[in-house]
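Peer 1: File name structure_31.txt; file contents compact mmCIF, C-alpha atoms and all ligand atoms; full text below.
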```txt
# COMPACT_ATOMS: atom_id res chain seq x y z
CA MET X 232 101.59 -69.09 14.61
CA ASP X 233 105.14 -69.50 15.85
CA ILE X 234 107.40 -72.37 14.86
CA THR X 235 106.80 -74.35 18.04
CA SER X 236 103.02 -74.24 17.75
CA ARG X 237 103.20 -75.23 14.10
CA LEU X 238 105.42 -78.19 14.93
CA ARG X 239 103.14 -79.19 17.76
CA ALA X 240 100.16 -79.12 15.44
CA GLN X 241 101.78 -81.33 12.80
CA HIS X 242 100.39 -84.88 12.95
CA ILE X 243 102.37 -87.75 11.57
CA GLU X 244 100.45 -90.97 10.96
CA THR X 245 102.11 -94.35 11.33
CA PRO X 246 101.07 -97.43 9.34
CA SER X 247 99.74 -100.52 11.11
CA TRP X 248 101.81 -102.70 8.79
CA ALA X 249 105.03 -101.21 10.14
CA TYR X 250 104.55 -103.01 13.44
CA GLY X 251 104.32 -106.58 12.15
CA ASN X 252 107.08 -108.63 10.60
CA SER X 253 107.80 -107.68 7.04
CA GLY X 254 110.63 -108.27 4.66
CA THR X 255 111.70 -108.75 1.13
CA ARG X 256 110.70 -111.49 -1.26
CA PHE X 257 113.84 -113.29 -0.09
CA LYS X 258 113.15 -113.46 3.62
CA VAL X 259 110.91 -112.16 6.35
CA PHE X 260 112.93 -112.08 9.58
CA ALA X 261 110.71 -112.69 12.58
CA GLN X 262 111.22 -110.28 15.46
CA GLN X 263 110.40 -110.67 19.12
CA GLY X 264 107.29 -109.09 20.54
CA VAL X 265 105.60 -108.17 17.26
CA PRO X 266 101.80 -107.79 17.38
CA ARG X 267 99.55 -110.78 16.84
CA ASP X 268 96.46 -108.81 15.82
CA PRO X 269 95.29 -105.29 14.93
CA TYR X 270 94.65 -104.49 18.59
CA GLU X 271 98.29 -105.08 19.45
CA LYS X 272 99.40 -103.05 16.43
CA LEU X 273 97.38 -100.15 17.85
CA ALA X 274 99.05 -100.61 21.22
CA ASP X 275 102.47 -100.31 19.55
CA ALA X 276 101.40 -97.25 17.56
CA ALA X 277 100.27 -95.70 20.84
CA GLN X 278 103.85 -96.06 22.09
CA VAL X 279 105.16 -94.03 19.18
CA HIS X 280 102.66 -91.31 20.02
CA ALA X 281 103.40 -91.50 23.74
CA PHE X 282 107.09 -90.71 23.20
CA THR X 283 106.86 -88.27 20.29
CA GLY X 284 103.53 -86.56 21.01
CA VAL X 285 102.90 -86.01 17.29
CA ALA X 286 101.76 -89.41 15.99
CA PRO X 287 98.15 -89.59 17.18
CA THR X 288 96.74 -91.75 14.39
CA VAL X 289 97.47 -95.07 12.76
CA ALA X 290 96.52 -96.16 9.24
CA LEU X 291 94.83 -99.51 8.69
CA HIS X 292 95.29 -101.84 5.73
CA ILE X 293 92.33 -104.04 4.82
CA PRO X 294 92.28 -107.08 4.94
CA TRP X 295 95.56 -107.17 6.89
CA ASP X 296 93.71 -105.46 9.75
CA ARG X 297 90.35 -107.16 9.33
CA VAL X 298 88.24 -107.30 12.50
CA ASP X 299 84.56 -108.02 13.12
CA ASP X 300 83.73 -104.66 14.64
CA TYR X 301 85.56 -101.58 13.36
CA ALA X 302 83.67 -99.15 15.59
CA GLU X 303 84.90 -101.16 18.55
CA LEU X 304 88.47 -101.14 17.17
CA SER X 305 88.22 -97.39 16.85
CA ALA X 306 86.98 -97.09 20.44
CA HIS X 307 89.87 -99.32 21.51
CA ALA X 308 92.30 -96.94 19.75
CA ARG X 309 90.77 -93.97 21.56
CA GLY X 310 91.24 -95.81 24.83
CA LEU X 311 94.95 -96.01 24.00
CA GLY X 312 95.10 -92.28 23.33
CA ILE X 313 95.23 -92.53 19.55
CA GLY X 314 92.79 -92.74 16.63
CA ILE X 315 92.40 -94.62 13.38
CA GLY X 316 93.53 -92.64 10.37
CA ALA X 317 93.51 -93.55 6.69
CA ILE X 318 91.98 -96.79 5.49
CA ASN X 319 94.22 -98.46 2.90
CA SER X 320 92.58 -100.77 0.43
CA ASN X 321 94.24 -103.94 -0.77
CA VAL X 322 93.40 -105.24 -4.22
CA PHE X 323 96.74 -106.85 -4.84
CA GLN X 324 96.89 -109.99 -2.73
CA ASP X 325 94.27 -112.25 -4.16
CA ASP X 326 94.79 -114.83 -6.90
CA ASP X 327 91.98 -113.20 -8.85
CA TYR X 328 94.15 -110.08 -9.27
CA MET X 329 96.97 -111.67 -11.25
CA LEU X 330 96.02 -109.68 -14.36
CA GLY X 331 94.77 -106.63 -12.49
CA SER X 332 92.01 -105.54 -10.15
CA VAL X 333 89.88 -102.58 -11.26
CA THR X 334 91.55 -102.68 -14.69
CA HIS X 335 91.23 -106.45 -15.13
CA PRO X 336 89.77 -107.51 -18.49
CA ASP X 337 87.14 -109.67 -16.74
CA PRO X 338 84.18 -107.66 -15.37
CA ARG X 339 83.70 -110.19 -12.55
CA VAL X 340 87.16 -109.42 -11.14
CA ARG X 341 86.62 -105.69 -11.57
CA ARG X 342 83.34 -105.98 -9.64
CA LYS X 343 85.07 -107.87 -6.83
CA ALA X 344 87.84 -105.25 -6.61
CA THR X 345 85.46 -102.30 -6.65
CA ASP X 346 83.29 -103.96 -4.02
CA HIS X 347 86.34 -104.16 -1.78
CA LEU X 348 86.98 -100.44 -2.24
CA LEU X 349 83.35 -99.72 -1.35
CA GLU X 350 83.70 -101.94 1.71
CA CYS X 351 86.65 -99.77 2.75
CA VAL X 352 84.34 -96.75 2.72
CA ASP X 353 81.93 -98.69 4.98
CA ILE X 354 84.88 -99.23 7.31
CA MET X 355 85.65 -95.50 7.22
CA ASP X 356 82.06 -94.85 8.28
CA ALA X 357 82.53 -97.19 11.23
CA THR X 358 85.93 -95.87 12.32
CA GLY X 359 85.22 -92.21 11.57
CA SER X 360 88.18 -92.06 9.17
CA ASP X 361 88.05 -89.34 6.55
CA THR X 362 90.67 -90.73 4.16
CA LEU X 363 90.70 -93.74 1.85
CA LYS X 364 94.04 -94.54 0.27
CA LEU X 365 93.97 -96.35 -3.06
CA TRP X 366 96.96 -98.07 -4.52
CA PHE X 367 96.63 -100.34 -7.52
CA SER X 368 99.30 -102.84 -8.43
CA ASP X 369 97.53 -103.17 -11.79
CA GLY X 370 99.71 -103.22 -14.83
CA LEU X 371 101.30 -105.26 -17.56
CA ASN X 372 104.45 -107.31 -17.76
CA TYR X 373 104.60 -107.52 -21.53
CA PRO X 374 103.77 -105.31 -24.50
CA GLY X 375 100.50 -106.42 -26.05
CA GLN X 376 99.34 -108.20 -22.88
CA ASP X 377 96.26 -105.96 -22.63
CA ASP X 378 94.94 -102.71 -24.06
CA ILE X 379 96.59 -99.82 -22.19
CA ARG X 380 93.85 -97.36 -23.08
CA ALA X 381 90.95 -99.69 -22.22
CA ARG X 382 92.53 -100.20 -18.81
CA GLN X 383 92.41 -96.45 -18.21
CA ASP X 384 88.70 -96.52 -19.04
CA ARG X 385 88.11 -99.34 -16.56
CA LEU X 386 90.13 -97.51 -13.90
CA ALA X 387 88.12 -94.32 -14.42
CA GLU X 388 84.86 -96.26 -14.13
CA ALA X 389 85.84 -97.86 -10.82
CA LEU X 390 87.18 -94.62 -9.38
CA ALA X 391 83.95 -92.82 -10.30
CA GLU X 392 81.90 -95.45 -8.49
CA VAL X 393 84.00 -95.19 -5.33
CA TYR X 394 83.98 -91.40 -5.54
CA GLY X 395 80.19 -91.47 -5.65
CA ARG X 396 80.09 -93.53 -2.48
CA LEU X 397 82.20 -91.07 -0.44
CA GLY X 398 80.27 -89.31 2.28
CA GLU X 399 80.39 -85.77 3.56
CA GLY X 400 83.91 -84.96 4.77
CA GLN X 401 85.44 -88.08 3.20
CA ARG X 402 88.04 -88.16 0.43
CA PHE X 403 90.21 -90.62 -1.38
CA LEU X 404 93.88 -90.34 -2.16
CA LEU X 405 95.14 -92.01 -5.32
CA GLU X 406 98.67 -93.36 -5.04
CA TYR X 407 100.96 -93.81 -8.01
CA LYS X 408 103.99 -96.02 -8.42
CA LEU X 409 106.38 -96.29 -11.30
CA PHE X 410 106.73 -100.05 -11.37
CA GLU X 411 106.46 -103.21 -9.27
CA PRO X 412 104.81 -105.63 -9.28
CA ALA X 413 104.14 -104.84 -12.94
CA PHE X 414 107.36 -104.40 -14.85
CA TYR X 415 106.36 -103.13 -18.27
CA ALA X 416 103.44 -100.71 -17.80
CA THR X 417 101.71 -99.76 -14.57
CA ASP X 418 98.16 -98.36 -14.83
CA VAL X 419 98.82 -95.52 -12.36
CA PRO X 420 102.56 -95.05 -12.85
CA ASP X 421 103.04 -91.37 -12.08
CA TRP X 422 101.58 -88.23 -10.52
CA GLY X 423 100.31 -86.98 -13.87
CA THR X 424 98.08 -90.01 -14.34
CA ALA X 425 96.82 -89.84 -10.77
CA TYR X 426 96.28 -86.10 -11.06
CA ALA X 427 94.31 -86.35 -14.32
CA HIS X 428 91.92 -88.92 -12.83
CA CYS X 429 91.50 -86.85 -9.65
CA VAL X 430 90.84 -83.61 -11.53
CA LYS X 431 88.05 -85.30 -13.51
CA LEU X 432 86.46 -86.68 -10.37
CA GLY X 433 86.37 -83.55 -8.23
CA PRO X 434 87.53 -82.12 -4.90
CA LYS X 435 87.20 -85.33 -2.89
CA ALA X 436 89.90 -87.01 -5.00
CA GLN X 437 93.52 -86.07 -4.38
CA VAL X 438 96.95 -87.48 -5.07
CA VAL X 439 99.21 -89.11 -2.48
CA VAL X 440 102.95 -88.93 -2.97
CA ASP X 441 104.82 -92.01 -1.80
CA THR X 442 108.41 -90.82 -1.74
CA GLY X 443 109.68 -94.27 -2.77
CA HIS X 444 107.61 -94.52 -5.94
CA HIS X 445 109.63 -92.50 -8.45
CA ALA X 446 112.42 -93.03 -10.91
CA PRO X 447 115.86 -92.20 -9.48
CA GLY X 448 116.61 -88.51 -9.78
CA THR X 449 112.97 -87.40 -9.88
CA ASN X 450 112.47 -83.94 -8.42
CA ILE X 451 109.78 -84.83 -5.89
CA GLU X 452 109.56 -81.33 -4.43
CA PHE X 453 108.51 -80.05 -7.84
CA ILE X 454 105.62 -82.52 -7.86
CA VAL X 455 104.71 -81.43 -4.34
CA ALA X 456 104.75 -77.74 -5.29
CA PHE X 457 102.65 -78.36 -8.39
CA LEU X 458 100.02 -80.51 -6.66
CA LEU X 459 99.73 -78.11 -3.72
CA ARG X 460 99.19 -75.20 -6.09
CA GLU X 461 96.33 -77.13 -7.69
CA GLY X 462 94.82 -78.16 -4.35
CA LYS X 463 95.47 -81.78 -5.24
CA LEU X 464 98.15 -82.81 -2.75
CA GLY X 465 96.26 -85.09 -0.39
CA GLY X 466 99.21 -86.40 1.53
CA PHE X 467 102.42 -88.35 1.71
CA ASP X 468 103.51 -91.91 2.20
CA PHE X 469 106.96 -91.09 3.56
CA ASN X 470 109.80 -93.57 3.37
CA SER X 471 113.37 -93.66 2.11
CA ARG X 472 114.68 -95.34 -0.96
CA PHE X 473 118.15 -95.95 -2.24
CA TYR X 474 117.13 -97.97 -5.29
CA ALA X 475 113.43 -98.69 -5.77
CA ASP X 476 110.50 -98.97 -3.34
CA ASP X 477 112.77 -99.70 -0.41
CA ASP X 478 110.39 -98.59 2.39
CA LEU X 479 113.31 -97.66 4.64
CA MET X 480 113.22 -95.21 7.52
CA VAL X 481 112.08 -91.77 6.46
CA GLY X 482 114.92 -89.33 5.86
CA ALA X 483 117.53 -92.07 6.15
CA ALA X 484 118.67 -92.04 2.54
CA ASP X 485 118.34 -88.37 1.76
CA PRO X 486 117.44 -85.98 4.59
CA PHE X 487 118.13 -83.08 2.25
CA GLN X 488 115.43 -84.25 -0.15
CA LEU X 489 113.01 -84.51 2.77
CA PHE X 490 113.90 -80.95 3.74
CA ARG X 491 113.33 -79.72 0.19
CA ILE X 492 109.95 -81.44 0.13
CA MET X 493 108.97 -79.90 3.46
CA CYS X 494 110.11 -76.47 2.21
CA GLU X 495 107.54 -76.73 -0.58
CA VAL X 496 104.89 -77.95 1.84
CA VAL X 497 105.51 -75.00 4.14
CA SER X 498 105.67 -72.37 1.40
CA GLY X 499 102.61 -73.82 -0.34
CA GLY X 500 100.51 -73.67 2.83
CA GLY X 501 100.39 -77.46 3.14
CA LEU X 502 101.37 -77.65 6.78
CA GLU X 503 98.01 -76.35 7.89
CA GLY X 504 96.11 -77.29 4.77
CA GLY X 505 94.77 -80.83 5.08
CA VAL X 506 97.87 -82.63 3.81
CA ALA X 507 98.18 -86.02 5.52
CA PHE X 508 101.71 -86.79 6.69
CA MET X 509 101.68 -90.57 6.67
CA LEU X 510 104.59 -92.96 6.97
CA ASP X 511 104.78 -95.98 4.71
CA GLN X 512 107.87 -97.51 6.20
CA CYS X 513 108.28 -101.16 6.94
CA HIS X 514 111.39 -103.18 6.59
CA ASN X 515 112.89 -106.33 7.82
CA ILE X 516 115.89 -105.62 10.00
CA GLU X 517 115.20 -102.62 12.23
CA PRO X 518 113.17 -102.96 15.45
CA LYS X 519 109.65 -101.82 14.60
CA ILE X 520 108.66 -99.26 17.23
CA PRO X 521 112.03 -97.45 17.41
CA GLY X 522 112.12 -97.47 13.59
CA GLN X 523 108.83 -95.58 13.55
CA ILE X 524 109.94 -93.20 16.29
CA ARG X 525 113.07 -92.38 14.31
CA SER X 526 111.03 -91.74 11.16
CA VAL X 527 108.62 -89.47 13.02
CA MET X 528 111.56 -87.53 14.44
CA ASN X 529 113.14 -87.21 11.01
CA VAL X 530 109.93 -85.76 9.54
CA GLN X 531 109.79 -83.35 12.46
CA GLU X 532 113.41 -82.29 11.98
CA ALA X 533 112.91 -81.65 8.27
CA THR X 534 109.74 -79.68 9.05
CA ALA X 535 111.50 -77.61 11.70
CA LYS X 536 114.29 -76.74 9.28
CA ALA X 537 111.77 -75.81 6.59
CA LEU X 538 110.04 -73.54 9.09
CA LEU X 539 113.36 -71.87 9.89
CA VAL X 540 113.87 -70.68 6.32
CA ASP X 541 114.01 -66.90 6.37
CA ARG X 542 111.20 -66.34 3.88
CA GLU X 543 111.72 -62.58 3.59
CA ALA X 544 115.43 -62.91 2.92
CA LEU X 545 114.72 -65.68 0.43
CA ALA X 546 112.13 -63.63 -1.44
CA ALA X 547 114.44 -60.61 -1.53
CA ALA X 548 117.31 -62.68 -2.91
CA GLN X 549 115.01 -64.26 -5.49
CA ARG X 550 113.62 -60.88 -6.56
CA SER X 551 117.08 -59.45 -7.06
CA GLY X 552 118.33 -62.50 -8.94
CA ASP X 553 120.85 -63.29 -6.20
CA VAL X 554 121.34 -66.97 -7.01
CA LEU X 555 123.98 -67.67 -4.38
CA GLY X 556 122.24 -65.60 -1.73
CA ALA X 557 118.93 -67.41 -2.23
CA ASN X 558 120.59 -70.79 -2.06
CA ALA X 559 122.48 -69.72 1.09
CA VAL X 560 119.22 -68.83 2.84
CA LEU X 561 117.94 -72.36 2.27
CA MET X 562 121.24 -73.96 3.27
CA ASP X 563 121.43 -71.90 6.46
CA ALA X 564 118.12 -73.37 7.55
CA TYR X 565 119.11 -76.88 6.48
CA ASN X 566 122.40 -76.69 8.37
CA THR X 567 120.80 -75.53 11.61
CA ASP X 568 120.83 -78.11 14.39
CA VAL X 569 117.13 -78.23 15.31
CA ARG X 570 117.49 -80.92 17.95
CA PRO X 571 117.56 -78.42 20.86
CA LEU X 572 114.43 -76.74 19.45
CA LEU X 573 112.64 -80.09 19.28
CA ALA X 574 113.83 -81.09 22.74
CA GLY X 575 112.31 -77.83 24.02
CA LEU X 576 109.10 -78.55 22.14
CA ARG X 577 108.88 -81.97 23.80
CA ALA X 578 109.62 -80.53 27.23
CA GLY X 579 106.70 -78.15 26.69
CA MET X 580 104.51 -81.16 25.97
CA GLY X 581 105.65 -82.97 29.11
CA LEU X 582 107.75 -85.43 27.08
CA GLU X 583 111.35 -86.49 27.39
CA ALA X 584 113.84 -84.77 25.10
CA ASP X 585 115.00 -87.98 23.42
CA PRO X 586 112.08 -90.24 22.41
CA MET X 587 114.40 -93.07 21.33
CA ALA X 588 116.13 -93.26 24.69
CA ALA X 589 112.89 -92.79 26.60
CA TYR X 590 111.25 -95.66 24.73
CA ALA X 591 114.27 -97.92 25.27
CA ARG X 592 114.13 -97.21 29.01
CA SER X 593 110.38 -97.73 29.24
CA GLY X 594 110.58 -101.53 29.35
CA TYR X 595 107.77 -101.84 26.77
CA PHE X 596 109.84 -103.99 24.44
CA GLU X 597 110.80 -106.44 27.19
CA LYS X 598 107.17 -106.63 28.26
CA VAL X 599 105.73 -107.43 24.83
CA ALA X 600 108.61 -109.74 23.94
CA ALA X 601 107.66 -111.85 26.96
CA GLU X 602 103.90 -111.63 26.40
CA ARG X 603 103.55 -112.00 22.65
CA VAL X 604 104.62 -115.18 21.02
CA GLY X 605 104.08 -115.87 17.33
CA GLY X 606 103.59 -112.32 16.03
CA THR X 607 102.25 -111.85 12.56
CA GLN X 608 103.62 -110.84 9.24
CA ALA X 609 102.61 -107.39 8.16
CA GLY X 610 100.96 -108.75 5.05
CA TRP X 611 103.60 -108.65 2.34
CA GLY X 612 104.14 -112.21 1.22
CA ALA X 613 101.46 -113.36 3.64
C1 LIG F 1 102.74 -99.98 -2.51
C2 LIG F 1 102.52 -99.27 -1.21
C3 LIG F 1 101.06 -98.88 -1.02
C4 LIG F 1 100.57 -100.06 -0.22
C5 LIG F 1 101.72 -100.20 0.75
C6 LIG F 1 101.73 -101.38 1.64
O1 LIG F 1 104.10 -100.16 -2.77
O2 LIG F 1 103.37 -98.15 -1.11
O3 LIG F 1 100.95 -97.70 -0.28
O4 LIG F 1 99.34 -99.86 0.35
O5 LIG F 1 102.85 -100.11 -0.11
MN MN F 2 102.71 -96.33 -0.20
MN MN F 3 105.35 -98.59 -1.82
```
Translate this file's structure into structure tokens.
Peer 2:
Amino acid sequence: MDITSRLRAQHIETPSWAYGNSGTRFKVFAQQGVPRDPYEKLADAAQVHAFTGVAPTVALHIPWDRVDDYAELSAHARGLGIGIGAINSNVFQDDDYMLGSVTHPDPRVRRKATDHLLECVDIMDATGSDTLKLWFSDGLNYPGQDDIRARQDRLAEALAEVYGRLGEGQRFLLEYKLFEPAFYATDVPDWGTAYAHCVKLGPKAQVVVDTGHHAPGTNIEFIVAFLLREGKLGGFDFNSRFYADDDLMVGAADPFQLFRIMCEVVSGGGLEGGVAFMLDQCHNIEPKIPGQIRSVMNVQEATAKALLVDREALAAAQRSGDVLGANAVLMDAYNTDVRPLLAGLRAGMGLEADPMAAYARSGYFEKVAAERVGGTQAGWGA
């Protein structure tokens, strides 16, 4: 396949929670025209797809996106020209989960948390989603607070139960995060922990890499290369971070890191290999829909540059130990302006060259700002 077809085939999923108001623990700034319910979030996600042509699905977060009839919500999405993607579970926003969810010392709380995860699989059945995304805020704030090892046992038990409930063609992605909200020890703090649990469970369990969930300086592309090699890279939660889990626009902080990650995806066969390219970006000051459009474009640009790497020249330089030559091959691709290539790609899809400008001209924002009053918070702090 040529570069254009490969870029056209890449699907980038946006998160429903990016469209509502969100913020920091200090303040959620309300914006005009934000969605009041999951149906309106889908309508906004459909705008991102309409102008980029590569964002045909939107991830749900339960219970932030709770509705009575998920099959009907899915049909509604199809009517808007998009589909429902990953189902994200939420076992972190209930008073019962103060000391953990699936790793909680009390079996009653563990049962409640696992039941929610099972309910998310029911929702997948109704929406036709093939991916369940699991993130656990479980962890400890103080040494001695609970038994670290026993919590791993409880986690394994819950994961095994959910794994057993997955149907044909369904999988779950286990997300890790170094810290926050737990500040001493998180139960799934890193890719190694997630990977070990997934390996034990089998092929329907894979790891998801949220690019904001590592210690500063972590070589994320190494993790990507390793997981892909093992068939355990299920997908990404893309966002940018300057300090911790900042959830800023993708590629804003470090476009070079995004390029390096996409280089490993391309060379490891991940572009065509079932890796979910999801965004997990939501912040408090940028307008929501353009923020998502920009992130989608940044993923596309990094992917285009990764596809431009002259693989033969790179392999030859590597074989001959030409350190500078090999590095130059990568930098040549990174320093190429791919915007004309992507404008051409969009023209071929019947889209305008500049999705940001096209959206701004569309009048959609003015329309929803007038129609929607009292939009909702995305869920954080809700
Ligand atoms: C946790 C996380 C996880 C949640 C999302 C809202 O920090 O990255 O993916 O589901 O944020
Ligand atoms: Mn995430
Ligand atoms: Mn996060």
Peer 1: With distances taken over only C-alpha atoms and all ligand atoms, which of X:Phe260, X:Phe467, X:Phe457, X:Phe490 is nearest to ligand MN 3 (chain F)?
Peer 2: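 Selected residue with least distance to ligand MN 3 (chain F): X:Phe467.
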Peer 1: If we count all atoms listed in the file and set the cut-off at 12 Å, which residues sit around His280 in chain X, ignoring sequence neighbours fewer than 4 positions away in its own chain? Please answer as number ranges by chain.
Peer 2: X: 242-245, 273-276, 284-289, 308, 311-314, 520-521, 523-525, 527-528, 577, 580, 582, 586-587, 590
Peer 1: Tell me, as an MDAnalysis selection string, which residues lie within 7 Å of Leu405 in chain X, counting only C-alpha atoms; anything in the same chain fewer than 5 positions away does not count.
Peer 2: chainID X and resid 364:366 425 437:439
Peer 1: Fewer than 3 positions away in the same chain doesn't count, so skip those; otherwise give me all residues within 12 Å of Leu576 in chain X, counting only C-alpha atoms, as a list in words.
Peer 2: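 Listing them by chain and then by number gives Asp233, Ile234, Thr235, Ser236, Arg237, Leu238, Arg239, Ala240, Thr283, Gly284, Val285, Gln531, Glu532, Ala535, Val569, Arg570, Pro571, Leu572, Leu573, Gly579, Met580, Gly581, Leu582, Glu583, Ala584 and Asp585 of chain X.
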Peer 1: Produce as a list in words the set of residues near ligand LIG 1 (chain F), where near means within 8 Å with all atoms listed in the file considered.
Peer 2: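 Those within range of ligand LIG 1 (chain F) are Trp248, His292, Asn319, Ser320, Asn321, Lys364, Leu365, Trp366, Phe367, Ser368, Glu406, Lys408, Glu411, Asp441, Gly443, His444, Asp468, Asp476, Asp478, Asp511 and Trp611 of chain X.
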Peer 1: What lies within 9 Å of range 395-403 of chain X using only C-alpha atoms, ignoring chain neighbours under 4 positions off, as a ChimeraX atom specification?
Peer 2: /X:349,352,355-356,360-365,390-391,434-438,465
Peer 1: If you count only C-alpha atoms, which residues fall within 9 Å of range 413-417 of chain X, apart from same-chain ones fewer than 6 positions away, as a list in words?
Peer 2: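 Everything that qualifies: Phe367, Ser368, Asp369, Gly370, Leu371, Asn372, Tyr373, Pro374, Ile379 and Tyr407 of chain X.
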Peer 1: When you count all atoms listed in the file, which of these residues is closest to Val393 in chain X: X:Ala456, X:Cys351, X:Ile318, X:Val265?
Peer 2: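 Closest candidate: X:Cys351.
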Peer 1: For the point (108.5, -104.1, 11.6) in the file's frame, write as an mmCIF file with C-alpha atoms, in the coordinates of the input all residues with an atom no more than 7 Å away, counting only C-alpha atoms.
Peer 2:
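Result written to result_14.cif:
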```cif
data_model
loop_
_atom_site.group_PDB
_atom_site.id
_atom_site.type_symbol
_atom_site.label_atom_id
_atom_site.label_comp_id
_atom_site.auth_asym_id
_atom_site.auth_seq_id
_atom_site.Cartn_x
_atom_site.Cartn_y
_atom_site.Cartn_z
ATOM 1 C CA ALA X 249 105.030 -101.210 10.140
ATOM 2 C CA TYR X 250 104.550 -103.010 13.440
ATOM 3 C CA GLY X 251 104.320 -106.580 12.150
ATOM 4 C CA ASN X 252 107.080 -108.630 10.600
ATOM 5 C CA SER X 253 107.800 -107.680 7.040
ATOM 6 C CA CYS X 513 108.280 -101.160 6.940
ATOM 7 C CA HIS X 514 111.390 -103.180 6.590
ATOM 8 C CA ASN X 515 112.890 -106.330 7.820
ATOM 9 C CA GLU X 517 115.200 -102.620 12.230
ATOM 10 C CA PRO X 518 113.170 -102.960 15.450
ATOM 11 C CA LYS X 519 109.650 -101.820 14.600
#
```
Peer 1: Between X:Gly499, X:Pro294, X:Pro420, X:Gly606, which is the closest to ligand MN 3 (chain F) once you count only C-alpha atoms and all ligand atoms?
Peer 2: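 Between X:Gly499, X:Pro294, X:Pro420, X:Gly606, the residue approaching ligand MN 3 (chain F) most closely is X:Pro420.
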Peer 1: Quote the spacing between CA of Ala564 in chain X and CA of Leu502 in chain X in Å to one decimal place.
Peer 2: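 If I compute the distance from CA of Ala564 in chain X to CA of Leu502 in chain X, I get 17.3 Å.
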Peer 1: So what do you get for CA of Ala483 in chain X versus CA of Tyr565 in chain X, distance-wise?
Peer 2: 15.3 Å
Peer 1: With distances taken over all atoms listed in the file, which of X:Glu602, X:Gly522, X:Arg472, X:Ala609 is nearest to ligand MN 3 (chain F)?
Peer 2: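 That would be X:Arg472, the residue with the smallest distance to ligand MN 3 (chain F).
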Peer 1: Have a look at X:Phe469, X:Tyr595, X:Phe487, X:Tyr328 and name the one nearest to ligand MN 2 (chain F); count all atoms listed in the file.
Peer 2: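 Result for the nearest residue to ligand MN 2 (chain F): X:Phe469.
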Peer 1: Atoms are missing here; could range 516-530 of chain X be completed with N, CA and C atoms and written as a tab-separated table (two decimals), in the frame of the given file?
Peer 2:
```tsv
chain	number	residue	atom	x	y	z
X	516	ILE	N	114.81	-105.41	9.03
X	516	ILE	CA	115.89	-105.62	10.00
X	516	ILE	C	115.83	-104.68	11.20
X	517	GLU	N	115.19	-103.53	11.08
X	517	GLU	CA	115.20	-102.62	12.23
X	517	GLU	C	114.06	-102.98	13.20
X	518	PRO	N	114.28	-102.75	14.52
X	518	PRO	CA	113.17	-102.96	15.45
X	518	PRO	C	112.03	-102.00	15.09
X	519	LYS	N	110.80	-102.52	15.21
X	519	LYS	CA	109.65	-101.82	14.60
X	519	LYS	C	109.32	-100.48	15.26
X	520	ILE	N	109.11	-100.49	16.57
X	520	ILE	CA	108.66	-99.26	17.23
X	520	ILE	C	109.75	-98.17	17.18
X	521	PRO	N	111.00	-98.49	17.53
X	521	PRO	CA	112.03	-97.45	17.41
X	521	PRO	C	112.20	-96.97	15.96
X	522	GLY	N	112.01	-97.87	15.00
X	522	GLY	CA	112.12	-97.47	13.59
X	522	GLY	C	111.08	-96.40	13.25
X	523	GLN	N	109.88	-96.58	13.78
X	523	GLN	CA	108.83	-95.58	13.55
X	523	GLN	C	109.13	-94.28	14.29
X	524	ILE	N	109.62	-94.41	15.52
X	524	ILE	CA	109.94	-93.20	16.29
X	524	ILE	C	111.00	-92.39	15.55
X	525	ARG	N	112.02	-93.08	15.04
X	525	ARG	CA	113.07	-92.38	14.31
X	525	ARG	C	112.51	-91.67	13.07
X	526	SER	N	111.62	-92.35	12.36
X	526	SER	CA	111.03	-91.74	11.16
X	526	SER	C	110.21	-90.50	11.52
X	527	VAL	N	109.43	-90.62	12.59
X	527	VAL	CA	108.62	-89.47	13.02
X	527	VAL	C	109.54	-88.30	13.35
X	528	MET	N	110.62	-88.59	14.06
X	528	MET	CA	111.56	-87.53	14.44
X	528	MET	C	112.21	-86.90	13.21
X	529	ASN	N	112.51	-87.74	12.22
X	529	ASN	CA	113.14	-87.21	11.01
X	529	ASN	C	112.20	-86.30	10.22
X	530	VAL	N	110.90	-86.66	10.20
X	530	VAL	CA	109.93	-85.76	9.54
X	530	VAL	C	109.87	-84.44	10.31
```
